[in-house]
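Engineer: File coords.tsv follows (TSV, C-alpha atoms (C1' of nucleotides) and all ligand atoms):
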```
chain	number	residue	atom	x	y	z
A	1	MET	CA	2.99	-66.62	105.68
A	2	LEU	CA	4.24	-68.95	108.35
A	3	ASP	CA	2.30	-72.13	108.88
A	4	GLU	CA	2.25	-74.32	111.94
A	5	HIS	CA	5.21	-76.41	110.85
A	6	ASP	CA	7.35	-73.33	110.46
A	7	ILE	CA	6.33	-72.08	113.87
A	8	PHE	CA	7.18	-75.44	115.35
A	9	LYS	CA	10.55	-75.60	113.59
A	10	ASP	CA	11.41	-72.13	114.78
A	11	TYR	CA	10.48	-72.99	118.33
A	12	LEU	CA	12.55	-76.16	118.27
A	13	LYS	CA	15.56	-74.44	116.77
A	14	GLN	CA	15.34	-71.77	119.43
A	15	TYR	CA	15.93	-74.39	122.12
A	16	ASN	CA	18.34	-76.60	120.19
A	17	LEU	CA	15.70	-79.25	119.75
A	18	ARG	CA	15.22	-81.31	116.61
A	19	TYR	CA	12.45	-81.53	114.11
A	20	THR	CA	12.21	-85.32	114.03
A	21	PRO	CA	9.89	-87.52	111.96
A	22	GLN	CA	7.98	-88.42	115.11
A	23	ARG	CA	7.37	-84.80	116.02
A	24	LYS	CA	6.34	-83.96	112.49
A	25	LEU	CA	3.88	-86.84	112.38
A	26	ILE	CA	2.32	-85.92	115.70
A	27	LEU	CA	1.89	-82.33	114.59
A	28	ASP	CA	0.38	-83.51	111.29
A	29	VAL	CA	-2.14	-85.69	113.07
A	30	PHE	CA	-2.95	-82.98	115.58
A	31	LEU	CA	-3.63	-80.45	112.84
A	32	GLN	CA	-6.09	-82.79	111.17
A	33	GLN	CA	-8.18	-82.82	114.33
A	34	SER	CA	-10.58	-80.10	115.33
A	35	GLY	CA	-12.15	-79.12	118.61
A	36	HIS	CA	-11.06	-80.58	121.91
A	37	VAL	CA	-9.01	-83.67	121.33
A	38	HIS	CA	-8.05	-86.25	123.90
A	39	ILE	CA	-4.56	-87.64	123.88
A	40	ASP	CA	-5.84	-91.16	123.30
A	41	ASP	CA	-7.48	-90.05	120.05
A	42	ILE	CA	-4.22	-88.59	118.86
A	43	HIS	CA	-2.40	-91.72	119.97
A	44	ILE	CA	-4.67	-93.98	117.94
A	45	ARG	CA	-4.28	-91.93	114.77
A	46	VAL	CA	-0.55	-91.59	115.22
A	47	ARG	CA	-0.04	-95.32	115.69
A	48	ASP	CA	-2.16	-95.81	112.61
A	49	GLN	CA	0.60	-94.24	110.58
A	50	ASP	CA	3.55	-95.34	112.67
A	51	PRO	CA	2.90	-98.09	115.21
A	52	THR	CA	6.35	-97.77	116.74
A	53	ILE	CA	5.74	-94.37	118.31
A	54	GLY	CA	5.60	-94.59	122.08
A	55	ILE	CA	3.16	-92.86	124.37
A	56	ALA	CA	6.00	-91.02	126.11
A	57	THR	CA	7.00	-89.33	122.88
A	58	LEU	CA	3.42	-88.29	122.33
A	59	TYR	CA	3.14	-86.68	125.76
A	60	ARG	CA	6.49	-85.00	125.28
A	61	THR	CA	5.52	-83.63	121.90
A	62	MET	CA	2.14	-82.36	123.02
A	63	LYS	CA	3.92	-80.45	125.73
A	64	LEU	CA	6.17	-78.90	123.10
A	65	LEU	CA	3.16	-77.94	120.99
A	66	VAL	CA	1.67	-76.16	123.97
A	67	GLU	CA	4.92	-74.39	124.75
A	68	SER	CA	5.31	-73.27	121.16
A	69	GLY	CA	1.84	-71.75	121.18
A	70	LEU	CA	0.30	-74.15	118.68
A	71	ALA	CA	-1.91	-75.97	121.14
A	72	GLU	CA	-3.88	-75.13	124.21
A	73	MET	CA	-4.43	-77.60	127.01
A	74	HIS	CA	-7.83	-77.86	128.69
A	75	THR	CA	-8.71	-79.59	131.93
A	76	PHE	CA	-12.47	-79.31	131.96
A	77	ASN	CA	-13.11	-82.73	133.43
A	78	GLU	CA	-10.68	-85.43	134.44
A	79	LYS	CA	-9.17	-86.06	131.05
A	80	THR	CA	-7.15	-83.26	129.58
A	81	THR	CA	-7.78	-82.26	126.00
A	82	TYR	CA	-5.82	-80.29	123.45
A	83	GLU	CA	-7.11	-77.69	121.06
A	84	ARG	CA	-5.52	-75.90	118.12
A	85	LEU	CA	-4.51	-72.39	119.06
A	86	PHE	CA	-2.58	-70.84	116.20
A	87	GLN	CA	-4.79	-69.00	113.72
A	88	VAL	CA	-7.80	-70.01	115.76
A	89	ARG	CA	-9.71	-67.19	117.36
A	90	HIS	CA	-9.52	-67.06	121.12
A	91	HIS	CA	-12.67	-68.20	122.83
A	92	ASP	CA	-14.00	-69.33	126.15
A	93	HIS	CA	-16.24	-72.28	126.87
A	94	LEU	CA	-19.75	-72.95	128.01
A	95	ILE	CA	-20.30	-76.53	129.10
A	96	CYS	CA	-23.51	-78.38	129.85
A	97	ILE	CA	-23.11	-80.20	133.14
A	98	VAL	CA	-25.62	-82.83	132.03
A	99	CYS	CA	-24.59	-83.85	128.52
A	100	ASP	CA	-21.11	-82.28	128.29
A	101	LYS	CA	-22.08	-80.31	125.19
A	102	THR	CA	-19.66	-77.47	124.62
A	103	VAL	CA	-20.31	-74.06	123.13
A	104	GLU	CA	-17.48	-71.72	122.23
A	105	PHE	CA	-18.01	-68.04	122.71
A	106	GLU	CA	-16.17	-64.82	123.15
A	107	HIS	CA	-17.28	-61.65	124.85
A	108	PRO	CA	-15.13	-58.61	124.11
A	109	LEU	CA	-16.27	-56.74	127.19
A	110	ILE	CA	-15.38	-59.61	129.48
A	111	GLU	CA	-11.91	-59.65	128.00
A	112	LYS	CA	-11.68	-55.91	128.53
A	113	TYR	CA	-12.72	-56.05	132.17
A	114	GLN	CA	-10.33	-58.92	132.82
A	115	LEU	CA	-7.52	-56.62	131.76
A	116	GLU	CA	-8.96	-53.91	133.94
A	117	ALA	CA	-9.05	-56.18	136.97
A	118	CYS	CA	-5.45	-57.16	136.41
A	119	GLU	CA	-4.25	-53.59	136.18
A	120	ARG	CA	-5.99	-52.73	139.40
A	121	TYR	CA	-3.73	-55.18	141.23
A	122	ASP	CA	-0.58	-54.38	139.24
A	123	PHE	CA	-0.54	-57.68	137.45
A	124	THR	CA	0.51	-58.16	133.84
A	125	LEU	CA	-2.12	-60.43	132.36
A	126	LYS	CA	-0.62	-63.38	130.53
A	127	SER	CA	-3.58	-65.68	130.01
A	128	HIS	CA	-6.90	-66.60	131.45
A	129	ARG	CA	-9.19	-69.54	131.83
A	130	MET	CA	-12.90	-68.97	131.92
A	131	THR	CA	-15.44	-71.74	131.75
A	132	LEU	CA	-19.14	-71.40	132.37
A	133	PHE	CA	-21.09	-74.41	133.56
A	134	GLY	CA	-24.79	-74.60	132.90
A	135	ILE	CA	-27.63	-76.68	131.54
A	136	CYS	CA	-28.39	-76.58	127.84
A	137	LYS	CA	-31.85	-76.16	126.39
A	138	GLU	CA	-32.29	-79.83	125.52
A	139	CYS	CA	-31.25	-80.99	128.98
A	140	GLN	CA	-33.68	-78.63	130.71
A	141	LYS	CA	-36.71	-80.56	129.48
B	142	MET	CA	-29.53	-68.02	161.66
B	143	LEU	CA	-28.22	-71.30	160.35
B	144	ASP	CA	-24.54	-71.92	160.76
B	145	GLU	CA	-22.38	-74.32	158.80
B	146	HIS	CA	-23.03	-77.25	161.10
B	147	ASP	CA	-26.77	-76.87	160.66
B	148	ILE	CA	-26.40	-76.71	156.91
B	149	PHE	CA	-24.28	-79.83	156.99
B	150	LYS	CA	-26.72	-81.69	159.24
B	151	ASP	CA	-29.60	-80.78	156.97
B	152	TYR	CA	-27.74	-81.94	153.92
B	153	LEU	CA	-26.82	-85.23	155.54
B	154	LYS	CA	-30.35	-85.87	156.76
B	155	GLN	CA	-31.66	-85.18	153.29
B	156	TYR	CA	-29.67	-88.11	151.94
B	157	ASN	CA	-30.01	-90.40	154.95
B	158	LEU	CA	-26.41	-89.85	155.93
B	159	ARG	CA	-25.18	-89.50	159.48
B	160	TYR	CA	-23.60	-86.66	161.35
B	161	THR	CA	-20.73	-88.62	162.83
B	162	PRO	CA	-17.96	-87.42	165.15
B	163	GLN	CA	-15.47	-87.77	162.31
B	164	ARG	CA	-17.52	-85.60	160.01
B	165	LYS	CA	-18.05	-83.01	162.71
B	166	LEU	CA	-14.34	-82.86	163.47
B	167	ILE	CA	-13.39	-82.47	159.82
B	168	LEU	CA	-15.88	-79.65	159.39
B	169	ASP	CA	-14.60	-77.99	162.57
B	170	VAL	CA	-11.03	-78.10	161.33
B	171	PHE	CA	-11.99	-76.91	157.88
B	172	LEU	CA	-13.85	-73.92	159.27
B	173	GLN	CA	-10.80	-72.85	161.24
B	174	GLN	CA	-8.82	-72.57	158.04
B	175	SER	CA	-8.99	-69.66	155.64
B	176	GLY	CA	-8.09	-69.22	152.03
B	177	HIS	CA	-7.17	-72.11	149.79
B	178	VAL	CA	-6.43	-75.15	151.88
B	179	HIS	CA	-4.75	-78.29	150.68
B	180	ILE	CA	-6.09	-81.61	151.85
B	181	ASP	CA	-2.80	-82.49	153.52
B	182	ASP	CA	-3.08	-79.43	155.73
B	183	ILE	CA	-6.52	-80.49	156.84
B	184	HIS	CA	-5.28	-84.02	157.36
B	185	ILE	CA	-2.49	-82.90	159.65
B	186	ARG	CA	-4.78	-80.79	161.81
B	187	VAL	CA	-7.43	-83.47	161.94
B	188	ARG	CA	-5.00	-86.17	163.04
B	189	ASP	CA	-3.75	-83.74	165.63
B	190	GLN	CA	-7.09	-84.04	167.38
B	191	ASP	CA	-7.89	-87.62	166.41
B	192	PRO	CA	-5.03	-89.71	165.04
B	193	THR	CA	-7.31	-92.58	164.14
B	194	ILE	CA	-9.11	-90.81	161.31
B	195	GLY	CA	-8.18	-92.28	157.95
B	196	ILE	CA	-7.41	-90.40	154.79
B	197	ALA	CA	-10.33	-92.05	153.01
B	198	THR	CA	-12.78	-90.55	155.46
B	199	LEU	CA	-11.23	-87.17	154.94
B	200	TYR	CA	-11.61	-87.34	151.17
B	201	ARG	CA	-15.15	-88.62	151.52
B	202	THR	CA	-16.10	-85.83	153.90
B	203	MET	CA	-14.55	-83.08	151.79
B	204	LYS	CA	-16.65	-84.30	148.91
B	205	LEU	CA	-19.73	-84.03	151.10
B	206	LEU	CA	-18.78	-80.51	152.11
B	207	VAL	CA	-18.54	-79.54	148.47
B	208	GLU	CA	-21.86	-81.16	147.66
B	209	SER	CA	-23.55	-79.43	150.55
B	210	GLY	CA	-22.34	-76.07	149.34
B	211	LEU	CA	-20.01	-75.37	152.26
B	212	ALA	CA	-16.78	-75.75	150.35
B	213	GLU	CA	-15.52	-75.03	146.89
B	214	MET	CA	-12.88	-77.12	145.19
B	215	HIS	CA	-10.13	-75.45	143.17
B	216	THR	CA	-7.72	-77.04	140.74
B	217	PHE	CA	-5.39	-74.21	139.96
B	218	ASN	CA	-2.25	-76.28	139.82
B	219	GLU	CA	-1.72	-79.99	140.36
B	220	LYS	CA	-2.90	-80.11	143.94
B	221	THR	CA	-6.53	-79.39	144.54
B	222	THR	CA	-7.45	-76.99	147.30
B	223	TYR	CA	-10.64	-76.29	149.20
B	224	GLU	CA	-12.08	-72.95	150.16
B	225	ARG	CA	-14.95	-71.96	152.42
B	226	LEU	CA	-17.97	-71.03	150.41
B	227	PHE	CA	-20.90	-70.42	152.74
B	228	GLN	CA	-21.19	-66.83	153.88
B	229	VAL	CA	-18.07	-66.02	151.92
B	230	ARG	CA	-18.51	-63.60	149.07
B	231	HIS	CA	-18.06	-65.06	145.62
B	232	HIS	CA	-14.83	-64.10	143.96
B	233	ASP	CA	-12.53	-65.08	141.13
B	234	HIS	CA	-8.78	-65.45	141.23
B	235	LEU	CA	-5.74	-63.74	139.86
B	236	ILE	CA	-2.60	-65.85	140.14
B	237	CYS	CA	1.03	-64.92	139.61
B	238	ILE	CA	2.64	-67.52	137.39
B	239	VAL	CA	6.02	-66.82	138.95
B	240	CYS	CA	5.44	-66.82	142.71
B	241	ASP	CA	1.93	-68.32	142.92
B	242	LYS	CA	0.63	-65.30	144.81
B	243	THR	CA	-3.14	-65.16	144.66
B	244	VAL	CA	-5.41	-62.14	144.62
B	245	GLU	CA	-9.14	-62.47	145.03
B	246	PHE	CA	-11.35	-60.14	143.10
B	247	GLU	CA	-14.83	-59.72	141.79
B	248	HIS	CA	-16.03	-57.74	138.83
B	249	PRO	CA	-19.80	-57.22	138.72
B	250	LEU	CA	-19.82	-56.48	135.02
B	251	ILE	CA	-17.97	-59.66	134.17
B	252	GLU	CA	-20.55	-61.62	136.12
B	253	LYS	CA	-23.28	-59.80	134.27
B	254	TYR	CA	-21.85	-60.52	130.84
B	255	GLN	CA	-21.33	-64.15	131.73
B	256	LEU	CA	-25.03	-64.42	132.33
B	257	GLU	CA	-25.63	-62.62	129.06
B	258	ALA	CA	-23.43	-65.05	127.15
B	259	CYS	CA	-25.27	-67.98	128.68
B	260	GLU	CA	-28.66	-66.66	127.74
B	261	ARG	CA	-27.57	-66.15	124.17
B	262	TYR	CA	-27.01	-69.89	123.85
B	263	ASP	CA	-30.06	-70.92	125.89
B	264	PHE	CA	-28.01	-72.21	128.80
B	265	THR	CA	-29.01	-71.85	132.42
B	266	LEU	CA	-25.86	-70.73	134.18
B	267	LYS	CA	-25.06	-72.85	137.22
B	268	SER	CA	-21.50	-71.87	138.06
B	269	HIS	CA	-18.35	-70.57	136.52
B	270	ARG	CA	-14.65	-70.80	136.89
B	271	MET	CA	-12.52	-67.84	135.95
B	272	THR	CA	-8.85	-67.56	136.72
B	273	LEU	CA	-6.50	-64.95	135.39
B	274	PHE	CA	-2.81	-65.75	135.14
B	275	GLY	CA	-0.30	-62.96	135.19
B	276	ILE	CA	2.88	-61.61	136.73
B	277	CYS	CA	2.68	-59.62	139.92
B	278	LYS	CA	4.46	-56.34	140.50
B	279	GLU	CA	7.23	-57.84	142.60
B	280	CYS	CA	7.98	-60.57	140.07
B	281	GLN	CA	8.22	-58.10	137.21
B	282	LYS	CA	11.44	-56.58	138.54
C	283	DC	C1'	-32.09	-103.01	176.75
C	284	DT	C1'	-31.94	-106.41	172.44
C	285	DC	C1'	-32.28	-107.31	167.82
C	286	DC	C1'	-31.89	-105.92	163.17
C	287	DT	C1'	-30.71	-103.06	159.26
C	288	DT	C1'	-28.16	-99.59	157.24
C	289	DT	C1'	-24.36	-96.60	157.22
C	290	DT	C1'	-19.65	-95.51	158.27
C	291	DT	C1'	-15.08	-96.25	159.08
C	292	DG	C1'	-10.02	-97.18	158.38
C	293	DA	C1'	-6.53	-100.02	156.27
C	294	DT	C1'	-5.07	-101.04	152.16
C	295	DA	C1'	-5.33	-102.35	147.33
C	296	DA	C1'	-6.15	-100.46	142.97
C	297	DC	C1'	-6.47	-97.01	139.59
C	298	DG	C1'	-4.85	-93.88	135.94
C	299	DA	C1'	-2.80	-90.04	133.90
C	300	DA	C1'	1.49	-88.24	133.61
C	301	DT	C1'	6.44	-88.30	134.34
C	302	DA	C1'	11.16	-90.28	135.18
C	303	DT	C1'	14.60	-93.54	133.92
C	304	DC	C1'	17.80	-95.39	130.82
C	305	DA	C1'	20.08	-97.92	127.27
C	306	DA	C1'	19.76	-97.85	122.34
C	307	DT	C1'	19.32	-94.96	118.36
C	308	DA	C1'	19.19	-90.91	115.51
C	309	DT	C1'	20.84	-86.45	114.33
C	310	DA	C1'	23.86	-82.47	113.27
C	311	DG	C1'	28.16	-80.57	112.76
C	312	DT	C1'	33.18	-81.09	112.03
D	313	DA	C1'	33.84	-91.19	109.76
D	314	DC	C1'	33.84	-89.30	114.30
D	315	DT	C1'	32.00	-86.99	118.23
D	316	DA	C1'	28.78	-84.76	121.01
D	317	DT	C1'	24.16	-84.04	121.90
D	318	DA	C1'	19.36	-84.92	121.49
D	319	DT	C1'	15.65	-88.32	120.99
D	320	DT	C1'	13.32	-92.38	121.29
D	321	DG	C1'	10.41	-96.31	123.15
D	322	DA	C1'	9.78	-99.62	126.75
D	323	DT	C1'	8.95	-99.63	131.16
D	324	DA	C1'	9.03	-98.42	136.04
D	325	DT	C1'	7.48	-95.00	139.04
D	326	DT	C1'	4.92	-91.39	140.99
D	327	DC	C1'	1.03	-89.53	143.38
D	328	DG	C1'	-3.58	-87.96	144.18
D	329	DT	C1'	-7.68	-90.09	144.47
D	330	DT	C1'	-11.08	-93.86	144.52
D	331	DA	C1'	-12.68	-98.73	145.31
D	332	DT	C1'	-12.90	-102.64	148.27
D	333	DC	C1'	-14.26	-104.87	152.30
D	334	DA	C1'	-14.61	-106.60	156.90
D	335	DA	C1'	-15.32	-104.57	161.33
D	336	DA	C1'	-17.57	-101.05	163.97
D	337	DA	C1'	-21.09	-97.66	164.84
D	338	DA	C1'	-25.57	-95.67	164.58
D	339	DG	C1'	-30.54	-95.58	164.42
D	340	DG	C1'	-35.06	-97.68	164.96
D	341	DA	C1'	-38.56	-100.96	166.41
D	342	DG	C1'	-40.27	-103.59	169.84
E	1	MN	MN	-12.67	-74.67	122.25
E	2	MN	MN	-10.30	-67.64	146.94
E	3	ZN	ZN	-26.98	-80.66	127.85
E	4	ZN	ZN	4.64	-63.03	141.69
```
Show how you would write the structure in this file as structure tokens.

Structural biologist:
Amino acid sequence: MLDEHDIFKDYLKQYNLRYTPQRKLILDVFLQQSGHVHIDDIHIRVRDQDPTIGIATLYRTMKLLVESGLAEMHTFNEKTTYERLFQVRHHDHLICIVCDKTVEFEHPLIEKYQLEACERYDFTLKSHRMTLFGICKECQK
Amino acid sequence: MLDEHDIFKDYLKQYNLRYTPQRKLILDVFLQQSGHVHIDDIHIRVRDQDPTIGIATLYRTMKLLVESGLAEMHTFNEKTTYERLFQVRHHDHLICIVCDKTVEFEHPLIEKYQLEACERYDFTLKSHRMTLFGICKECQK
DNA sequence: CTCCTTTTTGATAACGAATATCAATATAGT
DNA sequence: ACTATATTGATATTCGTTATCAAAAAGGAG
């Protein structure tokens, strides 16, 4: 079974790009994280293992991870976050507008009707972004 | 029946803010637009009628329009756009990732299941953002 | 109207995330 | 070893948006 490093290598090879130590390290660090990770968090942990890595390389590599399907980029608030995508079940997000708490959920029927809506307008659905904003139980008190 | 200017005046009064000529003009211009309008477009048309209005005032006023429920802010791509909200039926968006064409749609069942998902996690739904990305018929050829 | 307080304005500086630039370095293949 | 190409890190730059601040405007009270 292919793991994330194989996927990444394949993607890089496909575009004549190289599997460098920096890219490997960034992927390693990213895979150790869970949930929605900010680029600064990744930066700190990467520099922990190799202080010479520049921020530009980090941005460039995160972009490659997204393009290769290993990461998903979120822009819920101002700061973008990254989330593991490969072998992680698709889900949408429910965010508390008071405390920023996030709940991950998936509704099969919503996914189904999204496809339906697309077909009605002769679109081929490629991806979607659905985020619900509300107030969690604790913040309602 | 209240129109947008009344709504705006009420909102301003509520927070001890003033209904100034600049704010009136910006609202006037905004209401003449339709669809998803970029701030530069509004700026051009505003300066056309009053060249002394500064960009800061425009940003500040657009924020007030959003807060008063008259406008909705979208961040589909890099540039944020504004769309009339009052007396305009709620809808979600379907965007072609090739040509940026936008289709507006609404699916009652999706809205229903969004509420359902919220209730399951004890959230009070306040708003949602759903955008489908696909390839339109023309761009598939 | 005059005086006083608060709000608003416009010019411009500042911000910050992300990208572009570019010379030095690393890599892969011959 | 040699060559061509890709990559890197430091840094400058971009660009939408926000903060700053002195001057102007607005709203009341008398
Ligand atoms: Mn998630
Ligand atoms: Mn719309
Ligand atoms: Zn909360
Ligand atoms: Zn298209």

Engineer: Using all atoms listed in the file, select each residue of chain D with any atom at most 8 Å away from an atom of chain A, and give the selection as a short mmCIF file (atom, residue, chain, number, x, y, z; two decimals) with C-alpha atoms (C1' of nucleotides), in the frame of the given file.

Structural biologist:
```cif
data_model
loop_
_atom_site.label_atom_id
_atom_site.label_comp_id
_atom_site.auth_asym_id
_atom_site.auth_seq_id
_atom_site.Cartn_x
_atom_site.Cartn_y
_atom_site.Cartn_z
"C1'" DA D 318 19.36 -84.92 121.49
"C1'" DT D 320 13.32 -92.38 121.29
"C1'" DG D 321 10.41 -96.31 123.15
#
```

Engineer: Got a sec to check which residues lie within 8 Å of ligand MN 1 (chain E), using only C-alpha atoms (C1' of nucleotides) and all ligand atoms, and send them as a CSV table (one decimal) with C-alpha atoms, in the coordinates of the input?

Structural biologist:
```csv
chain,number,residue,atom,x,y,z
A,35,GLY,CA,-12.2,-79.1,118.6
A,36,HIS,CA,-11.1,-80.6,121.9
A,83,GLU,CA,-7.1,-77.7,121.1
A,91,HIS,CA,-12.7,-68.2,122.8
A,92,ASP,CA,-14.0,-69.3,126.2
A,93,HIS,CA,-16.2,-72.3,126.9
A,102,THR,CA,-19.7,-77.5,124.6
A,103,VAL,CA,-20.3,-74.1,123.1
A,104,GLU,CA,-17.5,-71.7,122.2
```

Engineer: Do you have the atom CA of Asp241 of chain B-atom ZN of ligand ZN 4 (chain E) distance handy?

Structural biologist: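 Separation of atom CA of Asp241 of chain B and atom ZN of ligand ZN 4 (chain E): 6.1 Å.
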
Engineer: Rotate and translate chain B onto chain A via least squares on all in-order Cα pairs, then write the result as a compact mmCIF listing (two decimals) with C-alpha atoms, in the frame of the given file.

Structural biologist:
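Wrote it out as out24.txt, contents follow:
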```txt
# COMPACT_ATOMS: atom_id res chain seq x y z
CA MET B 142 3.08 -66.62 105.70
CA LEU B 143 4.34 -68.96 108.37
CA ASP B 144 2.38 -72.13 108.87
CA GLU B 145 2.32 -74.33 111.94
CA HIS B 146 5.26 -76.44 110.86
CA ASP B 147 7.43 -73.36 110.46
CA ILE B 148 6.41 -72.10 113.87
CA PHE B 149 7.25 -75.47 115.35
CA LYS B 150 10.62 -75.65 113.59
CA ASP B 151 11.51 -72.18 114.80
CA TYR B 152 10.56 -73.03 118.34
CA LEU B 153 12.60 -76.22 118.28
CA LYS B 154 15.64 -74.51 116.80
CA GLN B 155 15.42 -71.85 119.46
CA TYR B 156 15.96 -74.46 122.15
CA ASN B 157 18.36 -76.70 120.23
CA LEU B 158 15.71 -79.34 119.76
CA ARG B 159 15.25 -81.38 116.61
CA TYR B 160 12.46 -81.58 114.11
CA THR B 161 12.20 -85.35 114.01
CA PRO B 162 9.88 -87.53 111.93
CA GLN B 163 7.97 -88.44 115.08
CA ARG B 164 7.38 -84.83 115.99
CA LYS B 165 6.34 -83.98 112.46
CA LEU B 166 3.87 -86.85 112.36
CA ILE B 167 2.32 -85.91 115.69
CA LEU B 168 1.89 -82.32 114.57
CA ASP B 169 0.38 -83.49 111.27
CA VAL B 170 -2.15 -85.65 113.06
CA PHE B 171 -2.96 -82.96 115.58
CA LEU B 172 -3.62 -80.41 112.85
CA GLN B 173 -6.10 -82.74 111.19
CA GLN B 174 -8.19 -82.78 114.33
CA SER B 175 -10.58 -80.05 115.38
CA GLY B 176 -12.13 -79.07 118.64
CA HIS B 177 -11.05 -80.55 121.94
CA VAL B 178 -9.00 -83.65 121.33
CA HIS B 179 -8.07 -86.22 123.90
CA ILE B 180 -4.58 -87.63 123.87
CA ASP B 181 -5.87 -91.14 123.26
CA ASP B 182 -7.50 -90.01 120.04
CA ILE B 183 -4.24 -88.57 118.84
CA HIS B 184 -2.44 -91.71 119.93
CA ILE B 185 -4.72 -93.94 117.91
CA ARG B 186 -4.33 -91.89 114.74
CA VAL B 187 -0.60 -91.59 115.18
CA ARG B 188 -0.10 -95.33 115.64
CA ASP B 189 -2.24 -95.80 112.58
CA GLN B 190 0.52 -94.24 110.52
CA ASP B 191 3.47 -95.37 112.62
CA PRO B 192 2.82 -98.12 115.16
CA THR B 193 6.26 -97.80 116.67
CA ILE B 194 5.71 -94.40 118.26
CA GLY B 195 5.56 -94.64 122.03
CA ILE B 196 3.15 -92.90 124.32
CA ALA B 197 5.99 -91.08 126.05
CA THR B 198 6.98 -89.38 122.83
CA LEU B 199 3.41 -88.33 122.28
CA TYR B 200 3.14 -86.72 125.71
CA ARG B 201 6.50 -85.05 125.26
CA THR B 202 5.54 -83.65 121.87
CA MET B 203 2.15 -82.37 123.01
CA LYS B 204 3.95 -80.47 125.72
CA LEU B 205 6.20 -78.93 123.09
CA LEU B 206 3.20 -77.96 121.00
CA VAL B 207 1.71 -76.18 123.98
CA GLU B 208 4.97 -74.42 124.75
CA SER B 209 5.36 -73.30 121.18
CA GLY B 210 1.92 -71.76 121.21
CA LEU B 211 0.35 -74.15 118.70
CA ALA B 212 -1.87 -75.96 121.14
CA GLU B 213 -3.84 -75.13 124.23
CA MET B 214 -4.40 -77.60 127.03
CA HIS B 215 -7.80 -77.84 128.70
CA THR B 216 -8.69 -79.57 131.94
CA PHE B 217 -12.43 -79.30 131.98
CA ASN B 218 -13.08 -82.71 133.44
CA GLU B 219 -10.67 -85.45 134.45
CA LYS B 220 -9.17 -86.04 131.04
CA THR B 221 -7.14 -83.24 129.59
CA THR B 222 -7.78 -82.23 126.01
CA TYR B 223 -5.81 -80.26 123.46
CA GLU B 224 -7.08 -77.65 121.07
CA ARG B 225 -5.48 -75.87 118.14
CA LEU B 226 -4.46 -72.39 119.08
CA PHE B 227 -2.53 -70.82 116.22
CA GLN B 228 -4.73 -68.96 113.77
CA VAL B 229 -7.74 -69.99 115.78
CA ARG B 230 -9.68 -67.18 117.37
CA HIS B 231 -9.53 -67.04 121.14
CA HIS B 232 -12.68 -68.17 122.85
CA ASP B 233 -14.01 -69.32 126.19
CA HIS B 234 -16.24 -72.27 126.90
CA LEU B 235 -19.75 -72.94 128.02
CA ILE B 236 -20.30 -76.53 129.12
CA CYS B 237 -23.50 -78.40 129.88
CA ILE B 238 -23.09 -80.22 133.16
CA VAL B 239 -25.60 -82.84 132.07
CA CYS B 240 -24.56 -83.86 128.55
CA ASP B 241 -21.08 -82.29 128.32
CA LYS B 242 -22.06 -80.32 125.23
CA THR B 243 -19.65 -77.47 124.66
CA VAL B 244 -20.31 -74.07 123.15
CA GLU B 245 -17.49 -71.73 122.25
CA PHE B 246 -18.02 -68.05 122.73
CA GLU B 247 -16.21 -64.80 123.15
CA HIS B 248 -17.34 -61.66 124.88
CA PRO B 249 -15.20 -58.60 124.12
CA LEU B 250 -16.36 -56.75 127.20
CA ILE B 251 -15.46 -59.60 129.50
CA GLU B 252 -11.97 -59.63 128.03
CA LYS B 253 -11.77 -55.90 128.54
CA TYR B 254 -12.80 -56.04 132.17
CA GLN B 255 -10.39 -58.86 132.84
CA LEU B 256 -7.60 -56.58 131.75
CA GLU B 257 -9.06 -53.86 133.93
CA ALA B 258 -9.12 -56.12 136.97
CA CYS B 259 -5.51 -57.08 136.38
CA GLU B 260 -4.34 -53.52 136.14
CA ARG B 261 -6.06 -52.64 139.38
CA TYR B 262 -3.80 -55.09 141.19
CA ASP B 263 -0.65 -54.27 139.20
CA PHE B 264 -0.60 -57.61 137.40
CA THR B 265 0.44 -58.06 133.80
CA LEU B 266 -2.18 -60.35 132.33
CA LYS B 267 -0.67 -63.31 130.51
CA SER B 268 -3.62 -65.63 130.00
CA HIS B 269 -6.94 -66.55 131.45
CA ARG B 270 -9.20 -69.49 131.85
CA MET B 271 -12.92 -68.95 131.95
CA THR B 272 -15.46 -71.72 131.78
CA LEU B 273 -19.14 -71.39 132.41
CA PHE B 274 -21.09 -74.42 133.58
CA GLY B 275 -24.78 -74.62 132.91
CA ILE B 276 -27.62 -76.72 131.56
CA CYS B 277 -28.37 -76.63 127.87
CA LYS B 278 -31.83 -76.23 126.40
CA GLU B 279 -32.25 -79.90 125.55
CA CYS B 280 -31.22 -81.06 129.02
CA GLN B 281 -33.65 -78.71 130.72
CA LYS B 282 -36.68 -80.65 129.49
```

Engineer: 6 Å from ligand ZN 3 (chain E) is the threshold here; counting only C-alpha atoms (C1' of nucleotides) and all ligand atoms, which polymer residues fall inside it? Answer as a PyMOL selection string.

Structural biologist: chain A and resi 96+98-99+101+135-136+138-139

Engineer: Any idea what the distance is between atom C1' of DT315 of chain D and atom C1' of DT312 of chain C?

Structural biologist: 8.6 Å

Engineer: Kindly give the distance, in Å, that separates atom CA of Ile97 of chain A and atom CA of Leu132 of chain A, rounded to a single decimal.

Structural biologist: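 Taking atom CA of Ile97 of chain A and atom CA of Leu132 of chain A, their separation equals 9.7 Å.
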
Engineer: Fewer than 6 positions away in the same chain doesn't count, so skip those; otherwise give me all residues within 12 Å of His90 of chain A, counting only C-alpha atoms (C1' of nucleotides), as a PyMOL selection string.

Structural biologist: chain A and resi 71-72+83-84+104-108+111+127-130

Engineer: With distances taken over only C-alpha atoms, which of B:Thr265, B:Ser209, B:Asn218, B:Gln190 is nearest to chain A?

Structural biologist: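 Of all the options, B:Thr265 lies closest to chain A.
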